[in-house]
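Working notes, structure below.
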Amino acid sequence: MKPPRLRLLVVDDSAYNRRNIADVFNGSEDVEVVGKAADGEEALRLVSLLKPDVITLDLEMPRMDGFTFLRILMMKFPTPVIVVSSYAQKENVFKALELGALDFVAKPDRQVAPEAADVRDQILAKVLILRTLRGPFVPPVPPSRRQMPSHNSFDEPAASQAAPVMPRSYLLPKQVIAIASSTGGPTALLDLFGRIPQGTSAALLVAQHMPDKFTRTFAERLDRRSRVRTAEAQDGDKVARSSGFVCPGRQCMEITVQGPELVLKVGPPAPNDRFVPSADRLLRSCAQHIGQRTIAVILTGMGDDGLEGARLVRQAGGTVIAESQETAVVYGMPGAVVRAGLAHHVLPLPQIGEFLANLS
């Protein structure tokens with residue numbers, strides 16, 4: 001029997017956007033638009049009345065903005081939320097994810113134009129991800145702040161691009177933690193990075209599925225929220241102890257060996273890369289060049305990116321950790337690794353953080 005259609009509530013102060021987002025689902029056999037709201041107050045009333053399965057949300061609205069709405073929604077009526085926001089609101093998007101939003105769609109400006117096929121396709125795809133969720137929705141856990149202060153204050157601006165990520169004398173990492181993540185990943189990564197102690201002997205490399213205009217802002221956010229100096233990766237960056245790198249959107253990242261140093265290779269995807277950034281490609285390079293010193297961490301996300309890479313890491317003597325269904329917002333990526341019997345450890349997110357924090 002075909003499952004019932006997902007019930008969608010559209011929240012946006014622009015009548016133009018409400019109409020165009022609703023039009024994305026005209027004739028859909030999988031999604032029914034059950035209501036539209038122009039601000040957070042109206043949206044809360046409709047959530048209570050209509051019990052939607054998923055909400056698309058603008059953040060800048062009169063009377064009650066998207067952040068206040070999210071706080072109340074997640075306390076009273078936990079519901080999956082897809083933020084639809086402009087490229088100019090990058091920091092706001094990550095704040096919304098920390099407040100419990102499931103994912104986001106970036107639009108070129110404040111309007112969702114009818115002809116913007118890519119934006120429309122993304123909205124449709126990310127709403128349909130809800131079909132993969134099992135059981136009641138559990139919002140992503142906000143990252144813990146108990147590790148504060150970090151090397152940067154929360155209130156300071158992000159470290160400038162000129163700030164050195166590496167220590168002055170290069171120290172080869174004892175382990176490289178290669179992390180694969182997608183839907184639900186930004187919040188999970190903030191939590192993990194916040195648990196890594198200062199002066200860790202490991203380096204962290206992240207392949208997070210994310211648009212290219214957002215990865216630098218996200219890396220800066222990780223840098224502010226942890227003790228690990230973190231940046232968006234650039235071709236030729238040296239991978240040293242206590243360093244972190246986020247693969248740029250629309251690019252892929254690999255680790256290479258140049259003499260005594262580990263160096264990143266960053267470039268466009270290959271024709272056979274199914275996901276961009278590609279976790280499989282990152283993990284494959286780690287298996288090839290550093291073998292048993294690799295710790296592959298497969299976090300929440302749709303699909304199976306990281307599955308083949310995890311297989312190669314395990315074959316090379318490295319360690320594979322998969323996030324458990326208990327905390328994974330979407331169990332696709334870690335679930336694929338677990339079902340294939342590749343995970344040495346299947347752990348909830350806080351325990352993954354403890355494992356990584358205790359590396360010697």
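Simple scheme: letters A, B, ... for chains in structure tokens order, numbers from 1 for residues in each chain, numbers from 1 for ligands in the order shown.
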**Message:** List the spatial neighbours of Ile321 of chain A as a ChimeraX atom specification - criterion: any atom at most 10 Å away, only C-alpha atoms, same-chain residues fewer than 5 positions off excluded.
**Reply:** /A:179,295-299,310,334,337-338,342-347,352,355
Export of prior selection with C-alpha atoms as a compact mmCIF listing (two decimals), in the first residue's frame:
# COMPACT_ATOMS: atom_id res chain seq x y z
CA ILE A 179 34.39 12.35 8.63
CA ILE A 295 39.72 6.71 11.67
CA ALA A 296 36.68 6.88 9.37
CA VAL A 297 33.59 8.38 11.00
CA ILE A 298 30.29 8.03 9.13
CA LEU A 299 27.66 10.41 10.48
CA ALA A 310 34.87 2.69 4.74
CA PRO A 334 25.83 5.18 8.74
CA VAL A 337 28.07 0.94 6.68
CA VAL A 338 26.51 -0.98 9.58
CA LEU A 342 32.14 -2.60 8.13
CA ALA A 343 31.83 -0.69 11.42
CA HIS A 344 34.18 -1.54 14.26
CA HIS A 345 32.07 0.66 16.53
CA VAL A 346 28.43 1.79 16.26
CA LEU A 347 28.01 4.65 18.72
CA ILE A 352 31.85 9.11 19.18
CA PHE A 355 36.17 8.12 21.60
**Message:** So that I can check the surroundings of Gly267 of chain A, please list as a list in words every protein, DNA and RNA residue that reaches within 7 Å of it, counting only C-alpha atoms and ignoring chain neighbours fewer than 5 positions away.
**Reply:**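 The residues satisfying every condition are Gln251, Cys252 and Met253 of chain A.
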Dump as a short mmCIF file (atom, residue, chain, number, x, y, z; two decimals), in the first residue's frame, selection limited to N, CA and C atoms:
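Writing the result to again.cif gives the following:
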data_model
loop_
_atom_site.label_atom_id
_atom_site.label_comp_id
_atom_site.auth_asym_id
_atom_site.auth_seq_id
_atom_site.Cartn_x
_atom_site.Cartn_y
_atom_site.Cartn_z
N GLN A 251 33.60 20.71 -4.71
CA GLN A 251 34.96 20.21 -4.88
C GLN A 251 35.09 18.87 -4.16
N CYS A 252 36.19 18.18 -4.42
CA CYS A 252 36.49 16.96 -3.68
C CYS A 252 37.89 17.09 -3.08
N MET A 253 38.11 16.38 -1.99
CA MET A 253 39.34 16.51 -1.22
C MET A 253 39.96 15.13 -1.02
#
**Residue with smallest distance to Ala101 of chain A - pool A:Ala178, A:Leu205, A:Ala219, A:Val83, counting only C-alpha atoms** =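 Distance minimum relative to Ala101 of chain A lands on A:Val83.
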**Message:** Residues within 10 Å of segment 283-290 of chain A, please, as a ChimeraX atom specification. Count only C-alpha atoms; anything in the same chain fewer than 6 positions from it doesn't count.
**Reply:** /A:174-180,205,207,253-257,262,265,296-297,306-318
**Item:** Selected residue of minimal separation from Ile129 of chain A among A:Leu189, A:Ala106, A:Leu6, A:Ala322, counting only C-alpha atoms
**Value:**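 Smallest distance to Ile129 of chain A is found for A:Leu6.
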**Message:** As an exercise, work out the distance from atom CA of Thr56 of chain A to atom CA of Phe104 of chain A in Å and give it to one decimal place.
**Reply:**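 Atom-to-atom, atom CA of Thr56 of chain A to atom CA of Phe104 of chain A, that is 8.9 Å.
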**Request:** Figure out the distance between atom CA of Glu29 of chain A and atom CA of Arg274 of chain A, please, to one decimal in Å.
**Result:** 26.9 Å
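Shortest atom-to-atom contact with Pro350 of chain A among A:Thr200, A:Ser324, A:Thr68, A:Ser226: A:Ser324, counting only C-alpha atoms.
Our summary of the geometry notes that atom CA of Pro4 of chain A is positioned 28.9 Å from atom CA of Ser181 of chain A.
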**Asked** Could you pull out the helix (DSSP H, G or I) residues of segment 6-227 of chain A from DSSP and send them as a PyMOL selection string?
**Response** chain A and resi 15-24+40-50+66-76+87-98+117-132+185-195+212-224
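Residues in contact with Ile123 of chain A at up to 10 Å, not including ones fewer than 3 positions away on its chain and judged by only C-alpha atoms, are A:Ile21, A:Val24, A:Phe25, A:Thr56, A:Ile82, A:Val83, A:Val84, A:Phe104, A:Val105, A:Ala106, A:Ala117, A:Asp118, A:Val119, A:Arg120, A:Lys126, A:Val127, A:Leu128.
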**Request:** Could you give me the residues within segment 261-344 of chain A that DSSP places in strand (DSSP E or B), as an MDAnalysis selection string?
**Result:** chainID A and resid 261:267 294:298 319:323
Spatial neighbours of segment 243-245 of chain A, max dist 10 Å, only C-alpha atoms, sep filter under 6 positions, as a PDB file with C-alpha atoms, in the first residue's frame:
ATOM      1  CA  VAL A 165      45.876  26.905  10.635  1.00  0.00           C
ATOM      2  CA  MET A 166      49.159  25.035  11.117  1.00  0.00           C
ATOM      3  CA  PRO A 167      51.590  25.315  14.011  1.00  0.00           C
ATOM      4  CA  PRO A 173      49.319  13.675  13.096  1.00  0.00           C
ATOM      5  CA  VAL A 176      43.622  11.299  10.671  1.00  0.00           C
ATOM      6  CA  ILE A 177      39.916  11.418  11.493  1.00  0.00           C
ATOM      7  CA  ALA A 178      38.055  11.462   8.163  1.00  0.00           C
ATOM      8  CA  PHE A 193      34.544  19.274  17.136  1.00  0.00           C
ATOM      9  CA  GLY A 199      46.516  19.890  21.437  1.00  0.00           C
ATOM     10  CA  THR A 200      45.021  16.673  20.081  1.00  0.00           C
ATOM     11  CA  SER A 201      47.496  14.536  18.186  1.00  0.00           C
ATOM     12  CA  ALA A 202      44.927  13.903  15.453  1.00  0.00           C
ATOM     13  CA  ALA A 203      43.857  15.902  12.401  1.00  0.00           C
ATOM     14  CA  LEU A 204      40.226  16.119  11.246  1.00  0.00           C
ATOM     15  CA  LEU A 205      39.057  16.122   7.618  1.00  0.00           C
ATOM     16  CA  VAL A 206      35.389  16.662   6.776  1.00  0.00           C
ATOM     17  CA  ALA A 207      33.420  15.795   3.633  1.00  0.00           C
ATOM     18  CA  ARG A 216      33.758  28.493   4.255  1.00  0.00           C
ATOM     19  CA  ALA A 219      34.435  25.980   8.625  1.00  0.00           C
ATOM     20  CA  LEU A 222      33.667  25.146  13.553  1.00  0.00           C
ATOM     21  CA  ASP A 223      36.847  27.125  14.170  1.00  0.00           C
ATOM     22  CA  ARG A 227      39.796  24.005  20.122  1.00  0.00           C
ATOM     23  CA  VAL A 228      40.906  22.698  16.718  1.00  0.00           C
ATOM     24  CA  ARG A 229      42.086  25.323  14.245  1.00  0.00           C
ATOM     25  CA  THR A 230      39.748  24.717  11.312  1.00  0.00           C
ATOM     26  CA  ALA A 231      39.467  26.179   7.814  1.00  0.00           C
ATOM     27  CA  GLU A 232      37.939  25.490   4.434  1.00  0.00           C
ATOM     28  CA  ALA A 233      40.503  23.330   2.668  1.00  0.00           C
ATOM     29  CA  GLN A 234      42.677  24.671  -0.117  1.00  0.00           C
ATOM     30  CA  ASP A 237      47.243  22.669   2.690  1.00  0.00           C
ATOM     31  CA  MET A 253      39.341  16.506  -1.222  1.00  0.00           C
ATOM     32  CA  LEU A 264      45.623  17.998   0.751  1.00  0.00           C
TER      33      LEU A 264
END
**Message:** Give me, as a PyMOL selection string, all polymer residues having an atom no more than 9 Å from segment 209-211 of chain A, counting only C-alpha atoms and skipping those fewer than 4 positions away in the same chain.
**Reply:** chain A and resi 105-106+180-183+185+215+248-250+275-279+301
**Distance query Arg7 of chain A at most 9 Å, only C-alpha atoms, self and fewer than 3 positions along chain excluded, as a PyMOL selection string** = chain A and resi 4+30-35+50-55
Give me a file of those residues, with C-alpha atoms, as a PDB file, in the first residue's frame.
ATOM      1  CA  PRO A   4       0.001   8.637   2.803  1.00  0.00           C
ATOM      2  CA  ASP A  30       3.977  12.260  -2.274  1.00  0.00           C
ATOM      3  CA  VAL A  31       3.409  15.729  -0.763  1.00  0.00           C
ATOM      4  CA  GLU A  32       0.280  17.717   0.051  1.00  0.00           C
ATOM      5  CA  VAL A  33       0.500  21.408   0.981  1.00  0.00           C
ATOM      6  CA  VAL A  34      -1.920  21.675   3.897  1.00  0.00           C
ATOM      7  CA  GLY A  35      -1.310  25.303   4.887  1.00  0.00           C
ATOM      8  CA  LEU A  50      -2.917  20.858  11.043  1.00  0.00           C
ATOM      9  CA  LYS A  51      -0.154  18.623  12.479  1.00  0.00           C
ATOM     10  CA  PRO A  52       2.104  18.855   9.383  1.00  0.00           C
ATOM     11  CA  ASP A  53       4.792  16.257   8.702  1.00  0.00           C
ATOM     12  CA  VAL A  54       7.294  18.834   7.450  1.00  0.00           C
ATOM     13  CA  ILE A  55       7.678  22.631   7.295  1.00  0.00           C
TER      14      ILE A  55
END
**Request:** Using only C-alpha atoms, pick whichever of A:Leu130, A:Met302, A:Leu172, A:Val320 has the shortest atom-to-atom distance to Glu261 of chain A.
**Result:**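 Among the listed residues, the smallest separation from Glu261 of chain A belongs to A:Leu172.
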